[in-house]
>>> print(open('structure-v5.cif').read())   # mmCIF, C-alpha atoms
data_run
loop_
_atom_site.group_PDB
_atom_site.id
_atom_site.type_symbol
_atom_site.label_atom_id
_atom_site.label_comp_id
_atom_site.auth_asym_id
_atom_site.auth_seq_id
_atom_site.Cartn_x
_atom_site.Cartn_y
_atom_site.Cartn_z
ATOM 1 C CA MET V 1 0.000 0.000 0.000
ATOM 2 C CA ASN V 2 1.490 3.313 -0.988
ATOM 3 C CA ASP V 3 1.474 6.342 1.308
ATOM 4 C CA VAL V 4 -1.534 8.018 -0.370
ATOM 5 C CA GLU V 5 -3.626 4.842 -0.007
ATOM 6 C CA HIS V 6 -2.450 4.581 3.597
ATOM 7 C CA GLN V 7 -3.629 8.132 4.352
ATOM 8 C CA VAL V 8 -7.011 7.498 2.684
ATOM 9 C CA GLN V 9 -7.503 4.233 4.602
ATOM 10 C CA LYS V 10 -6.510 5.913 7.879
ATOM 11 C CA ALA V 11 -9.099 8.680 7.293
ATOM 12 C CA ILE V 12 -11.749 6.052 6.509
ATOM 13 C CA CYS V 13 -10.925 4.141 9.702
ATOM 14 C CA ASP V 14 -11.087 7.343 11.781
ATOM 15 C CA TYR V 15 -14.520 8.091 10.290
ATOM 16 C CA LEU V 16 -15.834 4.570 10.886
ATOM 17 C CA ASP V 17 -14.603 4.793 14.492
ATOM 18 C CA LEU V 18 -16.410 8.121 14.961
ATOM 19 C CA ARG V 19 -19.630 6.620 13.584
ATOM 20 C CA GLY V 20 -19.288 3.530 15.780
ATOM 21 C CA ILE V 21 -19.467 1.241 12.747
ATOM 22 C CA CYS V 22 -18.203 -2.343 13.083
ATOM 23 C CA TYR V 23 -15.153 -2.850 10.849
ATOM 24 C CA TRP V 24 -11.666 -4.266 10.789
ATOM 25 C CA ALA V 25 -8.644 -4.110 8.547
ATOM 26 C CA VAL V 26 -7.407 -7.141 6.646
ATOM 27 C CA PRO V 27 -3.604 -6.895 6.598
ATOM 28 C CA ASN V 28 -3.001 -9.059 3.529
ATOM 29 C CA GLY V 29 -0.401 -6.799 1.932
ATOM 30 C CA GLY V 30 3.272 -6.421 2.580
ATOM 31 C CA SER V 31 6.205 -8.706 2.029
ATOM 32 C CA ARG V 32 6.700 -11.766 4.212
ATOM 33 C CA ASN V 33 9.260 -14.526 4.303
ATOM 34 C CA LEU V 34 8.346 -17.907 2.822
ATOM 35 C CA MET V 35 7.674 -19.606 6.174
ATOM 36 C CA THR V 36 5.344 -16.846 7.396
ATOM 37 C CA GLY V 37 3.560 -16.680 4.023
ATOM 38 C CA THR V 38 3.002 -20.453 4.050
ATOM 39 C CA LYS V 39 1.708 -20.360 7.626
ATOM 40 C CA LEU V 40 -0.716 -17.512 6.865
ATOM 41 C CA LYS V 41 -1.991 -19.267 3.739
ATOM 42 C CA ARG V 42 -2.719 -22.402 5.788
ATOM 43 C CA GLU V 43 -4.574 -20.229 8.318
ATOM 44 C CA GLY V 44 -6.889 -18.957 5.585
ATOM 45 C CA VAL V 45 -5.272 -15.756 4.341
ATOM 46 C CA LYS V 46 -6.514 -15.233 0.771
ATOM 47 C CA PRO V 47 -5.178 -12.938 -1.944
ATOM 48 C CA GLY V 48 -7.620 -10.358 -3.271
ATOM 49 C CA VAL V 49 -9.518 -9.807 -0.007
ATOM 50 C CA PRO V 50 -10.686 -6.169 0.393
ATOM 51 C CA ASP V 51 -8.650 -3.878 2.648
ATOM 52 C CA LEU V 52 -11.464 -3.263 5.135
ATOM 53 C CA THR V 53 -14.314 -5.475 6.240
ATOM 54 C CA VAL V 54 -17.434 -3.604 7.365
ATOM 55 C CA VAL V 55 -20.598 -5.047 8.888
ATOM 56 C CA TYR V 56 -23.265 -2.385 8.413
ATOM 57 C CA CYS V 57 -27.009 -2.797 8.832
ATOM 58 C CA GLY V 58 -26.449 -6.549 9.008
ATOM 59 C CA LYS V 59 -24.623 -6.753 5.694
ATOM 60 C CA TYR V 60 -21.065 -7.662 4.733
ATOM 61 C CA ILE V 61 -19.288 -4.890 2.865
ATOM 62 C CA GLY V 62 -15.699 -5.048 1.715
ATOM 63 C CA LEU V 63 -14.029 -1.703 1.134
ATOM 64 C CA GLU V 64 -11.183 -1.865 -1.364
ATOM 65 C CA VAL V 65 -9.138 1.296 -0.853
ATOM 66 C CA LYS V 66 -7.312 2.518 -3.941
ATOM 67 C CA LYS V 67 -5.078 5.488 -4.586
ATOM 68 C CA PRO V 68 -7.044 8.460 -5.863
ATOM 69 C CA LYS V 69 -5.977 10.173 -9.054
ATOM 70 C CA THR V 70 -3.163 12.591 -8.261
ATOM 71 C CA ASN V 71 -0.287 13.397 -10.575
ATOM 72 C CA SER V 72 -0.490 9.750 -11.598
ATOM 73 C CA ALA V 73 -3.389 7.472 -12.519
ATOM 74 C CA PRO V 74 -5.705 6.173 -9.816
ATOM 75 C CA GLY V 75 -5.112 2.712 -8.362
ATOM 76 C CA ARG V 76 -6.664 -0.252 -10.183
ATOM 77 C CA LEU V 77 -7.823 -3.683 -9.116
ATOM 78 C CA SER V 78 -5.628 -6.673 -9.815
ATOM 79 C CA LYS V 79 -7.082 -9.750 -11.545
ATOM 80 C CA VAL V 80 -6.955 -11.615 -8.222
ATOM 81 C CA GLN V 81 -8.936 -8.831 -6.512
ATOM 82 C CA VAL V 82 -11.565 -8.798 -9.264
ATOM 83 C CA GLU V 83 -12.047 -12.560 -8.950
ATOM 84 C CA PHE V 84 -12.261 -12.539 -5.158
ATOM 85 C CA HIS V 85 -14.694 -9.626 -5.206
ATOM 86 C CA LYS V 86 -16.923 -11.617 -7.591
ATOM 87 C CA LYS V 87 -16.856 -14.484 -5.102
ATOM 88 C CA ILE V 88 -17.997 -12.151 -2.305
ATOM 89 C CA GLU V 89 -20.820 -10.776 -4.466
ATOM 90 C CA ALA V 90 -21.939 -14.313 -5.392
ATOM 91 C CA ALA V 91 -22.141 -15.115 -1.659
ATOM 92 C CA GLY V 92 -24.458 -12.127 -1.044
ATOM 93 C CA GLY V 93 -21.930 -9.563 0.136
ATOM 94 C CA HIS V 94 -20.743 -6.440 -1.594
ATOM 95 C CA VAL V 95 -17.367 -4.874 -2.339
ATOM 96 C CA GLU V 96 -17.108 -1.153 -2.910
ATOM 97 C CA VAL V 97 -13.934 0.281 -4.450
ATOM 98 C CA VAL V 98 -13.267 3.639 -2.822
ATOM 99 C CA TYR V 99 -10.744 6.355 -3.561
ATOM 100 C CA SER V 100 -11.552 8.770 -0.730
ATOM 101 C CA LEU V 101 -13.344 9.242 2.566
ATOM 102 C CA GLU V 102 -16.040 11.090 0.612
ATOM 103 C CA ASP V 103 -16.717 7.917 -1.417
ATOM 104 C CA VAL V 104 -17.295 5.975 1.819
ATOM 105 C CA ILE V 105 -19.565 8.638 3.318
ATOM 106 C CA LYS V 106 -21.714 8.752 0.164
ATOM 107 C CA PHE V 107 -21.941 4.963 0.013
ATOM 108 C CA LEU V 108 -22.934 4.546 3.677
ATOM 109 C CA ASP V 109 -25.458 7.387 3.444
ATOM 110 C CA HIS V 110 -27.017 5.697 0.412
ATOM 111 C CA LEU V 111 -27.303 2.441 2.361
ATOM 112 C CA MET V 112 -29.226 4.203 5.124
ATOM 113 C CA ILE V 113 -31.708 5.519 2.540
ATOM 114 C CA SER V 114 -32.159 1.926 1.326
ATOM 115 C CA VAL V 115 -33.424 0.548 4.656
ATOM 116 C CA ASP V 116 -36.819 0.882 6.311
ATOM 117 C CA LYS V 117 -37.411 1.595 10.005
ATOM 118 C CA GLU V 118 -36.767 -2.060 10.921
ATOM 119 C CA TYR V 119 -33.443 -2.061 9.055
ATOM 120 C CA LYS V 120 -34.798 -4.349 6.355
ATOM 121 C CA PHE V 121 -33.443 -3.569 2.942
ATOM 122 C CA ILE V 122 -36.040 -2.227 0.539
ATOM 123 C CA GLU V 123 -34.173 -3.124 -2.649
ATOM 124 C CA ASP V 124 -32.942 -6.527 -3.779
ATOM 125 C CA LYS V 125 -29.660 -4.956 -4.774
ATOM 126 C CA TRP V 126 -29.124 -3.179 -1.445
ATOM 127 C CA TRP V 127 -25.772 -1.832 -2.562
ATOM 128 C CA ALA V 128 -27.113 -0.114 -5.691
ATOM 129 C CA LYS V 129 -24.843 2.732 -6.647
ATOM 130 C CA VAL V 130 -25.721 6.319 -5.832
#
>>> encode(input="structure-v5.cif", output="structure tokens")
Amino acid sequence: MNDVEHQVQKAICDYLDLRGICYWAVPNGGSRNLMTGTKLKREGVKPGVPDLTVVYCGKYIGLEVKKPKTNSAPGRLSKVQVEFHKKIEAAGGHVEVVYSLEDVIKFLDHLMISVDKEYKFIEDKWWAKV
């Protein structure tokens, strides 16, 4: 994760903490020695898992944090990430690729509009884009 992505993810985590939203980071990145990598793989670490796991209104949401466009192009998903995200969607969860804290705020606000007073989702596709 580059420094810009790190700063974006940190801001997102600060916001989720302030809102009291259940989430955790998935530290899949970084370089590891062969023995540690093998051990983690046996323990269930999977490539392509989103950076943050959020449980919001009873739903699984993966947040994939990517570098926003700066002087260089924005971050893109790898083939492994695309495939794993499809697997999450097929299981009934959702993965949202975000480039800023503003993206997360808009997405979560849209989810709140999509639920009724009993927190039951009104739409079949509860993650429908704004």
>>> closest_residue(input="structure-v5.cif", among="V:Val104, V:Ala73, V:Gly62, V:Arg19", to="Gly92 in chain V", atoms="all atoms listed in the file")
V:Gly62
>>> closest_residue(input="structure-v5.cif", among="V:Thr38, V:Thr53, V:Ser100, V:Gln81", to="Val65 in chain V", atoms="all atoms listed in the file")
V:Ser100
>>> closest_residue(input="structure-v5.cif", among="V:Glu102, V:His110, V:His94, V:Ile21", to="Tyr56 in chain V", atoms="all atoms listed in the file")
V:Ile21
>>> resolve_selection(input="structure-v5.cif", expression="the PyMOL selection byres ((chain V and resi 22) around 6)", output="short mmCIF file (atom, residue, chain, number, x, y, z; two decimals) with C-alpha atoms, keeping the file's coordinate frame")
data_model
loop_
_atom_site.label_atom_id
_atom_site.label_comp_id
_atom_site.auth_asym_id
_atom_site.auth_seq_id
_atom_site.Cartn_x
_atom_site.Cartn_y
_atom_site.Cartn_z
CA ILE V 21 -19.47 1.24 12.75
CA TYR V 23 -15.15 -2.85 10.85
CA VAL V 54 -17.43 -3.60 7.36
CA VAL V 55 -20.60 -5.05 8.89
#
>>> atom_distance(input="structure-v5.cif", atom1="CA of Leu111 in chain V", atom2="CA of Cys57 in chain V")
8.3 Å
>>> axis_aligned_box(input="structure-v5.cif", around="range 21-33 of chain V", padding_each_side="4 Å", output="lines of an AutoDock Vina configuration file")
center_x = -5.1
center_y = -6.6
center_z = 7.5
size_x = 36.7
size_y = 23.8
size_z = 19.2
>>> closest_residue(input="structure-v5.cif", among="V:Met35, V:Ala91, V:Val45, V:Val8", to="Lys59 in chain V", atoms="only C-alpha atoms")
V:Ala91
>>> residues_around(input="structure-v5.cif", residues="Leu77 in chain V", least_positions_apart="6", cutoff="10 Å", atoms="all atoms listed in the file", output="NGL selection string")
:V and (48 or 64-66 or 83 or 85 or 97)
>>> resolve_selection(input="structure-v5.cif", expression="the PyMOL selection byres ((chain V and resi 28) around 9)", output="PyMOL selection string")
chain V and resi 26-27+29-30+45-51
>>> write_last_selection(input="structure-v5.cif", atoms="C-alpha atoms", output="compact mmCIF listing (two decimals), in the coordinates of the input")
# COMPACT_ATOMS: atom_id res chain seq x y z
CA VAL V 26 -7.41 -7.14 6.65
CA PRO V 27 -3.60 -6.90 6.60
CA GLY V 29 -0.40 -6.80 1.93
CA GLY V 30 3.27 -6.42 2.58
CA VAL V 45 -5.27 -15.76 4.34
CA LYS V 46 -6.51 -15.23 0.77
CA PRO V 47 -5.18 -12.94 -1.94
CA GLY V 48 -7.62 -10.36 -3.27
CA VAL V 49 -9.52 -9.81 -0.01
CA PRO V 50 -10.69 -6.17 0.39
CA ASP V 51 -8.65 -3.88 2.65
>>> residues_around(input="structure-v5.cif", residues="Lys69 in chain V", least_positions_apart="5", cutoff="12 Å", atoms="all atoms listed in the file", output="JSON, numbers by chain")
{"V": [4, 5, 74, 75, 76, 98, 99, 100]}
>>> atom_distance(input="structure-v5.cif", atom1="CA of Lys67 in chain V", atom2="CA of Asn2 in chain V")
7.8 Å
>>> atom_distance(input="structure-v5.cif", atom1="CA of Ala90 in chain V", atom2="CA of Gly58 in chain V")
17.0 Å
